[in-house]
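Text of protein-v9.txt, listed as compact mmCIF, C-alpha atoms:
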# COMPACT_ATOMS: atom_id res chain seq x y z
CA MET P 1 -41.51 -31.31 -22.91
CA THR P 2 -40.04 -27.96 -23.78
CA GLU P 3 -36.98 -28.07 -21.59
CA THR P 4 -33.78 -28.01 -23.57
CA ILE P 5 -30.73 -30.13 -23.08
CA ASP P 6 -27.19 -28.89 -23.26
CA LEU P 7 -25.60 -31.54 -25.43
CA LYS P 8 -22.25 -29.78 -25.44
CA ALA P 9 -22.08 -29.94 -21.66
CA LEU P 10 -22.94 -33.63 -21.70
CA TRP P 11 -20.25 -34.18 -24.30
CA GLN P 12 -17.71 -32.48 -22.05
CA GLU P 13 -18.90 -34.37 -19.03
CA SER P 14 -18.56 -37.78 -20.67
CA GLY P 15 -14.79 -37.31 -21.00
CA VAL P 16 -14.98 -38.32 -24.65
CA GLN P 17 -13.30 -35.16 -25.76
CA SER P 18 -10.11 -36.03 -23.92
CA VAL P 19 -9.93 -39.38 -25.69
CA LEU P 20 -10.57 -37.77 -29.06
CA ASP P 21 -7.98 -35.10 -28.31
CA SER P 22 -5.34 -37.65 -27.45
CA LEU P 23 -6.32 -39.50 -30.62
CA ASP P 24 -5.71 -36.30 -32.55
CA ALA P 25 -2.42 -35.62 -30.82
CA GLU P 26 -0.95 -39.09 -30.97
CA LEU P 27 -2.21 -40.30 -34.32
CA VAL P 28 -1.07 -38.43 -37.35
CA GLY P 29 -3.37 -38.16 -40.35
CA LEU P 30 -6.19 -40.74 -40.56
CA LYS P 31 -8.78 -38.02 -41.21
CA PRO P 32 -11.63 -40.33 -42.30
CA VAL P 33 -11.06 -42.61 -39.34
CA LYS P 34 -11.13 -39.81 -36.81
CA GLN P 35 -14.21 -38.37 -38.46
CA ARG P 36 -16.00 -41.69 -38.18
CA ILE P 37 -15.04 -42.16 -34.56
CA ARG P 38 -16.27 -38.67 -33.77
CA GLU P 39 -19.59 -39.54 -35.41
CA ILE P 40 -19.90 -42.76 -33.45
CA ALA P 41 -19.13 -40.91 -30.23
CA SER P 42 -21.76 -38.28 -31.05
CA LEU P 43 -24.34 -40.95 -31.71
CA LEU P 44 -23.62 -42.59 -28.39
CA VAL P 45 -23.90 -39.33 -26.46
CA VAL P 46 -27.15 -38.41 -28.18
CA ASP P 47 -28.44 -41.91 -27.67
CA ARG P 48 -27.82 -41.64 -23.98
CA VAL P 49 -29.82 -38.43 -23.79
CA ARG P 50 -32.63 -40.03 -25.77
CA ARG P 51 -32.67 -42.96 -23.40
CA ASP P 52 -32.98 -40.63 -20.42
CA LEU P 53 -36.09 -39.21 -22.08
CA GLN P 54 -37.52 -42.67 -22.72
CA LEU P 55 -36.94 -42.41 -26.46
CA GLU P 56 -35.78 -46.00 -26.67
CA ALA P 57 -34.02 -46.85 -29.89
CA GLY P 58 -32.48 -50.18 -28.98
CA SER P 59 -28.80 -50.37 -28.26
CA PRO P 60 -26.82 -49.45 -31.35
CA SER P 61 -24.74 -52.08 -33.06
CA LEU P 62 -21.13 -51.18 -32.44
CA HIS P 63 -19.29 -54.00 -34.16
CA MET P 64 -16.70 -52.63 -36.51
CA SER P 65 -14.34 -53.66 -39.20
CA PHE P 66 -11.02 -51.88 -39.69
CA THR P 67 -9.45 -52.39 -43.07
CA GLY P 68 -6.17 -50.99 -44.26
CA ASN P 69 -2.61 -51.77 -45.20
CA PRO P 70 -0.07 -52.92 -42.65
CA GLY P 71 1.06 -50.32 -40.15
CA THR P 72 -1.80 -47.89 -40.63
CA GLY P 73 -2.76 -47.87 -36.96
CA LYS P 74 -5.64 -50.33 -36.79
CA THR P 75 -4.63 -51.86 -33.46
CA THR P 76 -3.84 -48.50 -31.90
CA VAL P 77 -7.23 -47.13 -32.88
CA ALA P 78 -8.95 -50.26 -31.60
CA MET P 79 -7.31 -49.72 -28.23
CA ARG P 80 -8.58 -46.14 -28.17
CA MET P 81 -11.99 -47.33 -29.23
CA ALA P 82 -12.20 -49.56 -26.16
CA GLU P 83 -11.36 -46.62 -23.95
CA LEU P 84 -13.87 -44.41 -25.72
CA LEU P 85 -16.70 -46.91 -25.43
CA HIS P 86 -15.88 -47.32 -21.77
CA LYS P 87 -16.11 -43.59 -21.16
CA LEU P 88 -19.45 -43.50 -22.94
CA GLY P 89 -20.74 -46.35 -20.83
CA TYR P 90 -21.21 -48.78 -23.71
CA SER P 91 -18.52 -51.08 -22.53
CA ARG P 92 -18.48 -51.91 -18.85
CA LYS P 93 -14.79 -52.60 -18.39
CA GLY P 94 -13.16 -51.05 -21.44
CA HIS P 95 -10.42 -53.63 -21.89
CA LEU P 96 -9.21 -54.87 -25.24
CA VAL P 97 -8.65 -58.54 -25.96
CA ALA P 98 -6.58 -58.91 -29.12
CA VAL P 99 -6.69 -62.32 -30.77
CA THR P 100 -5.83 -63.97 -34.06
CA ARG P 101 -7.02 -67.17 -35.70
CA ASP P 102 -4.87 -69.32 -33.41
CA ASP P 103 -6.72 -68.16 -30.32
CA LEU P 104 -10.14 -68.95 -31.74
CA VAL P 105 -9.81 -72.03 -33.88
CA GLY P 106 -9.03 -75.44 -32.41
CA GLN P 107 -6.97 -78.27 -33.79
CA TYR P 108 -9.44 -81.12 -33.72
CA ILE P 109 -13.17 -81.66 -33.80
CA GLY P 110 -14.84 -80.24 -30.72
CA HIS P 111 -11.89 -78.09 -29.78
CA THR P 112 -12.99 -74.92 -31.52
CA ALA P 113 -16.22 -74.15 -29.70
CA PRO P 114 -14.81 -74.13 -26.15
CA LYS P 115 -11.77 -72.23 -27.33
CA THR P 116 -13.79 -69.54 -29.06
CA LYS P 117 -16.20 -69.30 -26.16
CA GLU P 118 -13.38 -68.89 -23.70
CA VAL P 119 -12.00 -65.96 -25.68
CA LEU P 120 -15.46 -64.45 -25.96
CA LYS P 121 -15.96 -64.75 -22.22
CA LYS P 122 -12.66 -63.03 -21.58
CA ALA P 123 -13.61 -60.20 -23.89
CA MET P 124 -17.03 -59.62 -22.37
CA GLY P 125 -17.47 -56.18 -20.94
CA GLY P 126 -14.83 -54.93 -23.34
CA VAL P 127 -13.72 -55.09 -26.93
CA LEU P 128 -12.67 -58.20 -28.85
CA PHE P 129 -10.14 -57.31 -31.53
CA ILE P 130 -9.64 -60.00 -34.15
CA ASP P 131 -6.53 -59.23 -36.14
CA GLU P 132 -6.29 -60.62 -39.67
CA ALA P 133 -9.81 -61.90 -39.38
CA TYR P 134 -9.86 -63.23 -42.94
CA TYR P 135 -7.74 -66.18 -41.83
CA LEU P 136 -10.81 -67.46 -39.99
CA TYR P 137 -12.31 -68.48 -43.29
CA LYS P 138 -10.34 -70.81 -45.50
CA PRO P 139 -12.42 -71.66 -48.55
CA GLU P 140 -9.82 -74.06 -49.93
CA ASN P 141 -10.47 -76.45 -47.03
CA GLU P 142 -14.13 -77.18 -46.53
CA ARG P 143 -13.49 -79.03 -43.29
CA ASP P 144 -11.62 -76.12 -41.77
CA TYR P 145 -12.75 -75.36 -38.22
CA GLY P 146 -12.65 -71.62 -38.83
CA GLN P 147 -16.24 -71.70 -40.01
CA GLU P 148 -17.32 -73.02 -36.63
CA ALA P 149 -15.58 -70.14 -34.88
CA ILE P 150 -17.32 -67.69 -37.21
CA GLU P 151 -20.72 -69.18 -36.39
CA ILE P 152 -20.19 -68.91 -32.63
CA LEU P 153 -18.88 -65.40 -33.10
CA LEU P 154 -21.94 -64.41 -35.11
CA GLN P 155 -24.28 -65.79 -32.51
CA VAL P 156 -22.66 -63.86 -29.68
CA MET P 157 -22.36 -60.71 -31.78
CA GLU P 158 -26.09 -60.85 -32.31
CA ASN P 159 -27.34 -61.97 -28.90
CA GLN P 160 -24.95 -60.23 -26.55
CA ARG P 161 -24.54 -56.89 -28.19
CA ASP P 162 -24.61 -55.20 -24.79
CA ASP P 163 -21.78 -57.30 -23.42
CA LEU P 164 -19.26 -57.24 -26.19
CA VAL P 165 -18.04 -55.18 -29.12
CA VAL P 166 -16.21 -57.06 -31.86
CA ILE P 167 -13.69 -55.32 -34.09
CA LEU P 168 -12.36 -57.21 -37.10
CA ALA P 169 -9.20 -56.00 -38.75
CA GLY P 170 -7.26 -56.93 -41.81
CA TYR P 171 -5.98 -55.92 -45.20
CA LYS P 172 -8.60 -54.38 -47.40
CA ASP P 173 -8.74 -56.77 -50.34
CA ARG P 174 -8.65 -59.92 -48.25
CA MET P 175 -11.28 -58.60 -45.85
CA ASP P 176 -13.51 -57.82 -48.80
CA THR P 177 -13.28 -61.44 -49.95
CA PHE P 178 -13.91 -62.56 -46.39
CA PHE P 179 -17.08 -60.48 -46.12
CA LYS P 180 -18.25 -61.60 -49.54
CA SER P 181 -18.09 -65.22 -48.49
CA ASN P 182 -19.61 -64.48 -45.07
CA PRO P 183 -22.52 -62.15 -45.76
CA GLY P 184 -23.89 -62.76 -42.27
CA MET P 185 -20.73 -61.30 -40.79
CA SER P 186 -20.79 -58.29 -43.07
CA SER P 187 -24.38 -57.40 -42.26
CA ARG P 188 -23.81 -57.62 -38.52
CA ILE P 189 -21.04 -55.08 -38.66
CA ALA P 190 -22.39 -51.57 -38.70
CA HIS P 191 -19.18 -49.67 -39.17
CA HIS P 192 -16.76 -50.47 -41.93
CA ILE P 193 -13.82 -48.11 -41.51
CA ASP P 194 -11.05 -47.93 -44.06
CA PHE P 195 -7.61 -46.79 -42.95
CA PRO P 196 -5.83 -44.89 -45.73
CA ASP P 197 -2.09 -45.13 -46.32
CA TYR P 198 0.01 -42.37 -44.79
CA LYS P 199 1.50 -39.68 -46.96
CA ASP P 200 5.26 -39.16 -46.87
CA GLU P 201 5.07 -36.03 -44.73
CA GLU P 202 2.74 -37.78 -42.31
CA LEU P 203 5.23 -40.61 -41.94
CA VAL P 204 7.96 -38.08 -41.13
CA GLN P 205 5.69 -36.62 -38.47
CA ILE P 206 5.04 -40.09 -37.09
CA GLY P 207 8.77 -40.73 -37.02
CA GLN P 208 9.30 -37.56 -35.06
CA LEU P 209 6.58 -38.53 -32.61
CA ILE P 210 8.13 -41.94 -32.10
CA LEU P 211 11.55 -40.40 -31.53
CA LYS P 212 10.11 -37.94 -29.08
CA GLY P 213 8.70 -40.84 -27.11
CA TRP P 214 12.19 -42.35 -26.97
CA ASN P 215 13.78 -38.97 -26.09
CA TYR P 216 15.59 -38.72 -29.39
CA LYS P 217 15.42 -36.11 -32.10
CA LEU P 218 16.42 -35.69 -35.73
CA SER P 219 18.90 -32.98 -36.56
CA PRO P 220 17.52 -30.60 -39.22
CA LYS P 221 19.72 -32.19 -41.88
CA ALA P 222 18.71 -35.66 -40.77
CA THR P 223 15.06 -34.68 -41.16
CA GLN P 224 15.66 -34.00 -44.84
CA VAL P 225 17.51 -37.26 -45.27
CA PHE P 226 14.74 -39.08 -43.45
CA GLU P 227 12.17 -37.62 -45.87
CA GLN P 228 14.18 -39.06 -48.75
CA TYR P 229 14.50 -42.33 -46.92
CA ILE P 230 10.73 -42.67 -46.59
CA HIS P 231 10.24 -41.78 -50.21
CA LEU P 232 12.64 -44.52 -51.27
CA ARG P 233 11.41 -47.03 -48.74
CA ARG P 234 7.84 -46.78 -50.01
CA SER P 235 8.79 -48.13 -53.42
CA GLN P 236 10.47 -51.18 -51.88
CA PRO P 237 8.71 -54.42 -51.02
CA HIS P 238 7.21 -55.05 -47.56
CA PHE P 239 6.51 -51.42 -46.88
CA ALA P 240 4.40 -51.28 -43.72
CA ASN P 241 3.73 -47.58 -43.19
CA ALA P 242 4.29 -46.54 -39.58
CA ARG P 243 5.80 -49.89 -38.67
CA SER P 244 8.51 -49.47 -41.30
CA VAL P 245 9.23 -46.02 -39.94
CA ARG P 246 9.57 -47.44 -36.48
CA ASN P 247 11.92 -50.17 -37.63
CA ALA P 248 14.02 -47.72 -39.60
CA LEU P 249 14.38 -45.52 -36.54
CA ASP P 250 15.27 -48.52 -34.43
CA ARG P 251 18.13 -49.24 -36.78
CA ALA P 252 19.14 -45.59 -36.86
CA ARG P 253 19.45 -45.78 -33.09
CA LEU P 254 21.82 -48.68 -33.39
CA ARG P 255 23.98 -46.81 -35.87
CA GLN P 256 23.92 -43.69 -33.72
CA ALA P 257 25.11 -45.64 -30.71
CA HIS P 258 27.87 -47.17 -32.77
CA ARG P 259 28.90 -43.80 -34.15
CA LEU P 260 29.01 -42.28 -30.68
CA LEU P 261 31.29 -45.02 -29.43
CA GLU P 262 33.64 -44.47 -32.37
CA THR P 263 33.82 -40.73 -31.72
CA ASP P 264 36.91 -39.57 -29.96
CA GLY P 265 36.59 -37.22 -27.05
CA GLY P 266 33.60 -36.63 -24.79
CA ILE P 267 30.06 -36.25 -25.94
CA ASP P 268 27.33 -34.06 -24.50
CA LYS P 269 23.68 -34.73 -23.73
CA ASP P 270 22.63 -33.25 -27.03
CA ALA P 271 24.76 -35.66 -29.02
CA LEU P 272 23.23 -38.55 -27.11
CA GLN P 273 19.75 -37.70 -28.32
CA THR P 274 20.41 -36.45 -31.82
CA ILE P 275 20.24 -38.64 -34.88
CA GLU P 276 22.53 -37.36 -37.61
CA PRO P 277 22.19 -37.84 -41.39
CA SER P 278 24.94 -40.44 -41.43
CA ASP P 279 22.87 -42.70 -39.15
CA ILE P 280 20.19 -42.88 -41.80
CA LEU P 281 22.38 -42.70 -44.89
CA GLN P 282 24.07 -45.98 -44.03
CA SER P 283 20.78 -47.78 -44.55
CA ARG P 284 20.46 -50.37 -47.28
CA VAL P 285 17.49 -48.45 -48.64
CA MET P 286 19.61 -45.40 -49.26
CA ALA P 287 22.42 -47.44 -50.77
CA ASN P 288 20.22 -49.03 -53.43
CA GLY P 289 19.15 -45.82 -55.00
CA ASP P 290 21.15 -42.64 -54.84
CA PRO P 291 18.64 -40.21 -53.31
CA VAL P 292 19.54 -37.45 -55.74
CA THR P 293 19.30 -39.34 -58.98
CA SER P 294 16.40 -41.66 -58.19
CA ALA P 295 14.07 -38.94 -56.95
CA PRO P 296 11.38 -38.33 -59.56
CA MET D 1 -29.00 -77.71 9.55
CA ILE D 2 -28.95 -79.40 6.14
CA THR D 3 -32.29 -78.15 4.95
CA THR D 4 -34.83 -75.57 5.96
CA SER D 5 -38.19 -76.80 7.24
CA ASN D 6 -39.53 -77.10 3.68
CA GLN D 7 -36.65 -79.41 2.71
CA ARG D 8 -34.77 -76.68 0.87
CA LEU D 9 -31.08 -77.56 0.76
CA THR D 10 -28.96 -75.09 2.68
CA GLN D 11 -25.37 -75.20 1.57
CA GLY D 12 -23.01 -72.33 0.96
CA GLN D 13 -23.81 -68.68 1.09
CA PHE D 14 -27.26 -67.07 0.85
CA SER D 15 -28.99 -70.42 1.17
CA PHE D 16 -31.53 -69.16 3.70
CA LEU D 17 -32.47 -66.30 1.39
CA PRO D 18 -34.88 -66.46 -1.52
CA GLU D 19 -33.32 -67.55 -4.82
CA LEU D 20 -30.82 -65.02 -6.14
CA THR D 21 -31.91 -63.21 -9.27
CA ASP D 22 -29.53 -62.99 -12.22
CA ALA D 23 -28.81 -59.37 -11.32
CA GLN D 24 -27.87 -60.38 -7.79
CA ILE D 25 -25.69 -63.21 -9.06
CA THR D 26 -23.97 -60.74 -11.36
CA ARG D 27 -23.19 -58.49 -8.42
CA GLN D 28 -21.72 -61.40 -6.48
CA ILE D 29 -19.55 -62.45 -9.43
CA GLU D 30 -18.49 -58.85 -9.82
CA TYR D 31 -17.26 -58.94 -6.23
CA ALA D 32 -15.31 -62.13 -6.85
CA LEU D 33 -13.73 -60.76 -10.01
CA LYS D 34 -12.83 -57.55 -8.22
CA ASN D 35 -10.79 -59.65 -5.80
CA SER D 36 -9.30 -61.55 -8.75
CA TRP D 37 -10.71 -64.88 -7.67
CA ALA D 38 -11.27 -67.56 -10.30
CA VAL D 39 -14.94 -68.35 -10.68
CA GLY D 40 -16.25 -71.77 -11.59
CA VAL D 41 -19.67 -73.30 -12.19
CA GLU D 42 -20.32 -76.74 -10.68
CA TYR D 43 -23.27 -79.12 -10.66
CA THR D 44 -24.33 -82.29 -8.90
CA ASP D 45 -27.40 -84.37 -8.15
CA ASP D 46 -26.11 -85.70 -4.86
CA PRO D 47 -27.07 -83.16 -2.22
CA HIS D 48 -25.32 -84.87 0.70
CA PRO D 49 -23.44 -82.21 2.68
CA ARG D 50 -20.27 -84.32 2.64
CA ASN D 51 -20.33 -84.40 -1.15
CA THR D 52 -17.74 -81.65 -1.46
CA TYR D 53 -16.48 -82.17 -4.98
CA TRP D 54 -19.13 -81.38 -7.53
CA GLU D 55 -18.64 -81.72 -11.27
CA MET D 56 -17.25 -78.63 -12.94
CA TYR D 57 -19.24 -77.32 -15.86
CA GLY D 58 -16.89 -76.40 -18.68
CA ASN D 59 -13.47 -75.04 -17.90
CA PRO D 60 -12.50 -73.00 -14.88
CA MET D 61 -12.70 -69.35 -15.83
CA PHE D 62 -9.52 -67.40 -15.33
CA ASP D 63 -8.68 -63.91 -16.55
CA LEU D 64 -12.28 -62.82 -16.96
CA LYS D 65 -13.00 -59.15 -16.57
CA ASP D 66 -16.76 -59.07 -16.68
CA PRO D 67 -19.52 -61.17 -15.07
CA ALA D 68 -21.44 -61.48 -18.35
CA GLY D 69 -19.25 -64.37 -19.47
CA ILE D 70 -19.84 -66.31 -16.26
CA LEU D 71 -23.56 -65.65 -16.27
CA LEU D 72 -23.57 -67.04 -19.80
CA GLU D 73 -21.97 -70.25 -18.50
CA ILE D 74 -24.42 -70.43 -15.59
CA ASN D 75 -27.34 -70.16 -17.98
CA ASN D 76 -25.84 -72.79 -20.28
CA CYS D 77 -25.43 -75.09 -17.30
CA ARG D 78 -29.02 -74.43 -16.21
CA LYS D 79 -30.17 -75.36 -19.69
CA THR D 80 -28.13 -78.57 -19.67
CA PHE D 81 -29.00 -79.59 -16.10
CA PRO D 82 -32.32 -77.96 -15.27
CA ASN D 83 -32.95 -80.40 -12.42
CA HIS D 84 -29.54 -80.46 -10.79
CA TYR D 85 -28.02 -78.40 -8.06
CA ILE D 86 -25.74 -75.79 -9.59
CA ARG D 87 -23.39 -73.66 -7.56
CA VAL D 88 -20.99 -70.88 -8.33
CA THR D 89 -17.65 -71.04 -6.56
CA ALA D 90 -14.85 -68.54 -6.31
CA PHE D 91 -11.30 -69.63 -5.66
CA ASP D 92 -8.59 -67.45 -4.23
CA ALA D 93 -5.29 -68.60 -5.71
CA THR D 94 -3.14 -66.26 -3.65
CA ARG D 95 -0.12 -68.13 -2.32
CA GLY D 96 -0.81 -69.23 1.20
CA VAL D 97 -4.58 -68.89 0.82
CA GLU D 98 -5.38 -71.23 -2.08
CA SER D 99 -8.87 -72.05 -1.02
CA PRO D 100 -12.47 -71.49 -2.05
CA THR D 101 -13.78 -68.16 -0.93
CA MET D 102 -17.35 -68.16 -2.16
CA SER D 103 -19.88 -70.83 -2.94
CA TYR D 104 -23.59 -70.40 -3.49
CA ILE D 105 -26.36 -72.36 -5.12
CA VAL D 106 -27.88 -70.80 -8.22
CA ASN D 107 -30.11 -73.63 -9.39
CA ARG D 108 -31.96 -76.42 -7.59
CA PRO D 109 -34.36 -79.22 -8.56
CA LYS D 110 -38.04 -78.41 -8.58
CA SER D 111 -38.80 -80.76 -5.72
CA GLU D 112 -36.29 -81.59 -3.04
CA PRO D 113 -37.27 -84.66 -1.03
CA GLY D 114 -34.78 -83.94 1.74
CA PHE D 115 -32.96 -86.35 4.02
CA ALA D 116 -33.81 -89.36 6.14
CA LEU D 117 -32.28 -89.93 9.54
CA ILE D 118 -30.70 -93.40 9.74
CA ARG D 119 -30.10 -95.06 13.08
CA GLN D 120 -27.62 -97.86 13.45
CA GLU D 121 -27.50 -99.97 16.62
CA VAL D 122 -23.95 -100.68 17.66
CA ASP D 123 -22.22 -102.14 20.73
CA GLY D 124 -24.49 -102.31 23.69
CA ARG D 125 -27.40 -99.97 23.42
CA ASN D 126 -25.42 -97.29 21.53
CA ILE D 127 -26.88 -95.74 18.45
CA ARG D 128 -25.05 -94.12 15.58
CA TYR D 129 -26.84 -91.57 13.48
CA THR D 130 -26.33 -90.64 9.89
CA ILE D 131 -28.33 -88.99 7.16
CA HIS D 132 -29.35 -90.26 3.78
CA SER D 133 -30.73 -88.26 0.89
CA TYR D 134 -33.94 -89.77 -0.50
CA ALA D 135 -32.91 -88.59 -3.95
CA THR D 136 -29.81 -90.79 -4.02
CA ASP D 137 -31.91 -93.97 -3.90
CA LYS D 138 -32.18 -93.60 -7.64
CA PRO D 139 -29.18 -93.85 -9.95
CA GLU D 140 -27.19 -90.80 -10.95
CA GLY D 141 -28.88 -88.66 -13.58
CA GLU D 142 -32.40 -89.88 -12.71
CA ARG D 143 -32.62 -88.45 -9.24
CA TYR D 144 -34.77 -85.40 -9.77

Mind turning this structure into structure tokens?
Amino acid sequence: MTETIDLKALWQESGVQSVLDSLDAELVGLKPVKQRIREIASLLVVDRVRRDLQLEAGSPSLHMSFTGNPGTGKTTVAMRMAELLHKLGYSRKGHLVAVTRDDLVGQYIGHTAPKTKEVLKKAMGGVLFIDEAYYLYKPENERDYGQEAIEILLQVMENQRDDLVVILAGYKDRMDTFFKSNPGMSSRIAHHIDFPDYKDEELVQIGQLILKGWNYKLSPKATQVFEQYIHLRRSQPHFANARSVRNALDRARLRQAHRLLETDGGIDKDALQTIEPSDILQSRVMANGDPVTSAP
Amino acid sequence: MITTSNQRLTQGQFSFLPELTDAQITRQIEYALKNSWAVGVEYTDDPHPRNTYWEMYGNPMFDLKDPAGILLEINNCRKTFPNHYIRVTAFDATRGVESPTMSYIVNRPKSEPGFALIRQEVDGRNIRYTIHSYATDKPEGERY
């Protein structure tokens, strides 16, 4: 047993790198998340080598919990995770089934179990993503059917680890309460990954990525205004990180279209894809606080 | 031919072969899913060949991607009805086709008594023949 194994080559061969690269390219920031995913991928590659050499270690538990504020990319990462696990051969089909409480919990006695099982069956061979998982458990109502769904979920998570990976997602504080009241759930999840909030400059980058996808761009002046916009928007209620950025850009598009129609004379291709400062400055966010005076 | 010489019921696919293993069943389901057919699990304790409509176990399974979910249902059904006939069917819902495309038995009672040949004398010296399953002499649920 002295022959050596080229792990790097195996890593390349598995096609994991391309998924991780696209993760790096398309998701701004999220350092700890990417680090953790890289670690999981490494474990899976090494595990596969070990298995080839009859160093059985039992299949690793891959259930995960993603916690973080709204708009921090939990769903996007979950989708990538499914792809990654598929490439590594830990998920046979690599599809993602995204559900919420409504899809799992029934409305009357005896309705929950078949409903939950049906969802579980659909997710088999792939990844089951339960968004806002803490809604499953409602302590204020002891007859709530959510508990039943949790029990079925736990059973499948334990017994059919090879068939299904479960990812729970939700806001940090509420997920913590959820896990505290369901210790069985917490202990069956090996990877608790916390998604940090984006910094202002990361949000600008995200905005630019989104615009690029739509074939738009910010003029240099508009970029500055947009930075101010994000700074102001953060202090307002219902700030949802990347989602807020996306919505803001959606509205900027509307204003741009309106402005273009008002313009006299012809417009060129460049004007059609450029967002100018005025498109952002008209926003309610900017009106509430004068960007110059309210900046700290 | 309703049964083989040892009274083994022969209906659907693979019925002259030894029992399918779970791995083989999985491969068959995989094939059905690949063709996007809806797979269902059905059971009965009336083995008469004209008994076309068996009871469906659970709900029909649409939109499944992986055989593991169906195998889970098959095993649940086997646990609930260990002494019934259980078959897996695949249904092609394509417009214009809309018919079952696969059907094979995955569970059967431990002992299968087989069928009796019944003769009925009719007009003149004519005889009509029919078959009768010994198992169906007993009421439903107590047959095997």

Exercise. Please return, as a PyMOL selection string, all residues of chain D lying within 8 Å of chain P when all atoms listed in the file are considered.
Key: chain D and resi 61+63-70

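One distance worth recording is that between atom CA of P:Pro60 and atom CA of P:Arg36, which is 15.0 Å.
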
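Shortest atom-to-atom contact with P:Lys269 among P:Glu132, P:His238, P:Lys217, P:Gln224: P:Lys217, counting all atoms listed in the file.
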
Quiz prompt | Neighbour list for D:Gly141 as a VMD selection string, cut-off 10 Å, all atoms listed in the file, skip fewer than 3 positions in-chain | solution = chain D and resid 44 to 46 81 83 to 84 136 138 144

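From atom CA of P:Ile280 back to atom CA of P:Phe226, the distance works out to 6.8 Å.
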
Exercise. Please measure the separation of atom CA of P:Trp11 and atom CA of P:Val45, giving the value in Å to one decimal.
Key: 6.7 Å

Practice problem: Would you mind listing what lies within 9 Å of stretch 100-102 of chain D as an MDAnalysis selection string, with all atoms listed in the file counted and same-chain residues fewer than 6 positions away left out? | Solution: chainID D and resid 12:13 32 37 39 88:93

Atoms to include: C-alpha atoms. Write the selected residues as an mmCIF file, in the coordinates of the input.
data_model
loop_
_atom_site.group_PDB
_atom_site.id
_atom_site.type_symbol
_atom_site.label_atom_id
_atom_site.label_comp_id
_atom_site.auth_asym_id
_atom_site.auth_seq_id
_atom_site.Cartn_x
_atom_site.Cartn_y
_atom_site.Cartn_z
ATOM 1 C CA GLY D 12 -23.010 -72.330 0.960
ATOM 2 C CA GLN D 13 -23.810 -68.680 1.090
ATOM 3 C CA ALA D 32 -15.310 -62.130 -6.850
ATOM 4 C CA TRP D 37 -10.710 -64.880 -7.670
ATOM 5 C CA VAL D 39 -14.940 -68.350 -10.680
ATOM 6 C CA VAL D 88 -20.990 -70.880 -8.330
ATOM 7 C CA THR D 89 -17.650 -71.040 -6.560
ATOM 8 C CA ALA D 90 -14.850 -68.540 -6.310
ATOM 9 C CA PHE D 91 -11.300 -69.630 -5.660
ATOM 10 C CA ASP D 92 -8.590 -67.450 -4.230
ATOM 11 C CA ALA D 93 -5.290 -68.600 -5.710
#

Within 6 Å of (-24.0, -88.9, 3.9), in the coordinates the file gives, what residues turn up when you count only C-alpha atoms, written out as a PDB file with C-alpha atoms, keeping the file's coordinate frame?
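Final file, part-v8.pdb:
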ATOM      1  CA  HIS D  48     -25.320 -84.870   0.700  1.00  0.00           C
ATOM      2  CA  ILE D 131     -28.330 -88.990   7.160  1.00  0.00           C
ATOM      3  CA  HIS D 132     -29.350 -90.260   3.780  1.00  0.00           C
TER       4      HIS D 132
END

Exercise. Please provide as a VMD selection string all residues within 12 Å of P:Asp173, with the sequence filter that same-chain residues fewer than 5 positions apart are discarded (counting only C-alpha atoms).
Key: chain P and resid 66 to 69 132 134 178 to 180 194

What are the closest atom pairs, with distances in Å to one decimal, for all residues of stretch 132-210 of chain P lying within 8 Å of stretch 23-29 of chain P? Consider all atoms listed in the file, order rows by chain and residue number, and present the result as a tab-separated table.
residue	atom	partner	partner_atom	distance
P:Tyr198	CA	P:Gly29	CA	7.0
P:Glu202	CA	P:Val28	CA	6.3
P:Gln205	CA	P:Val28	CA	7.1
P:Ile206	CA	P:Val28	CA	6.3
P:Leu209	CA	P:Glu26	CA	7.7
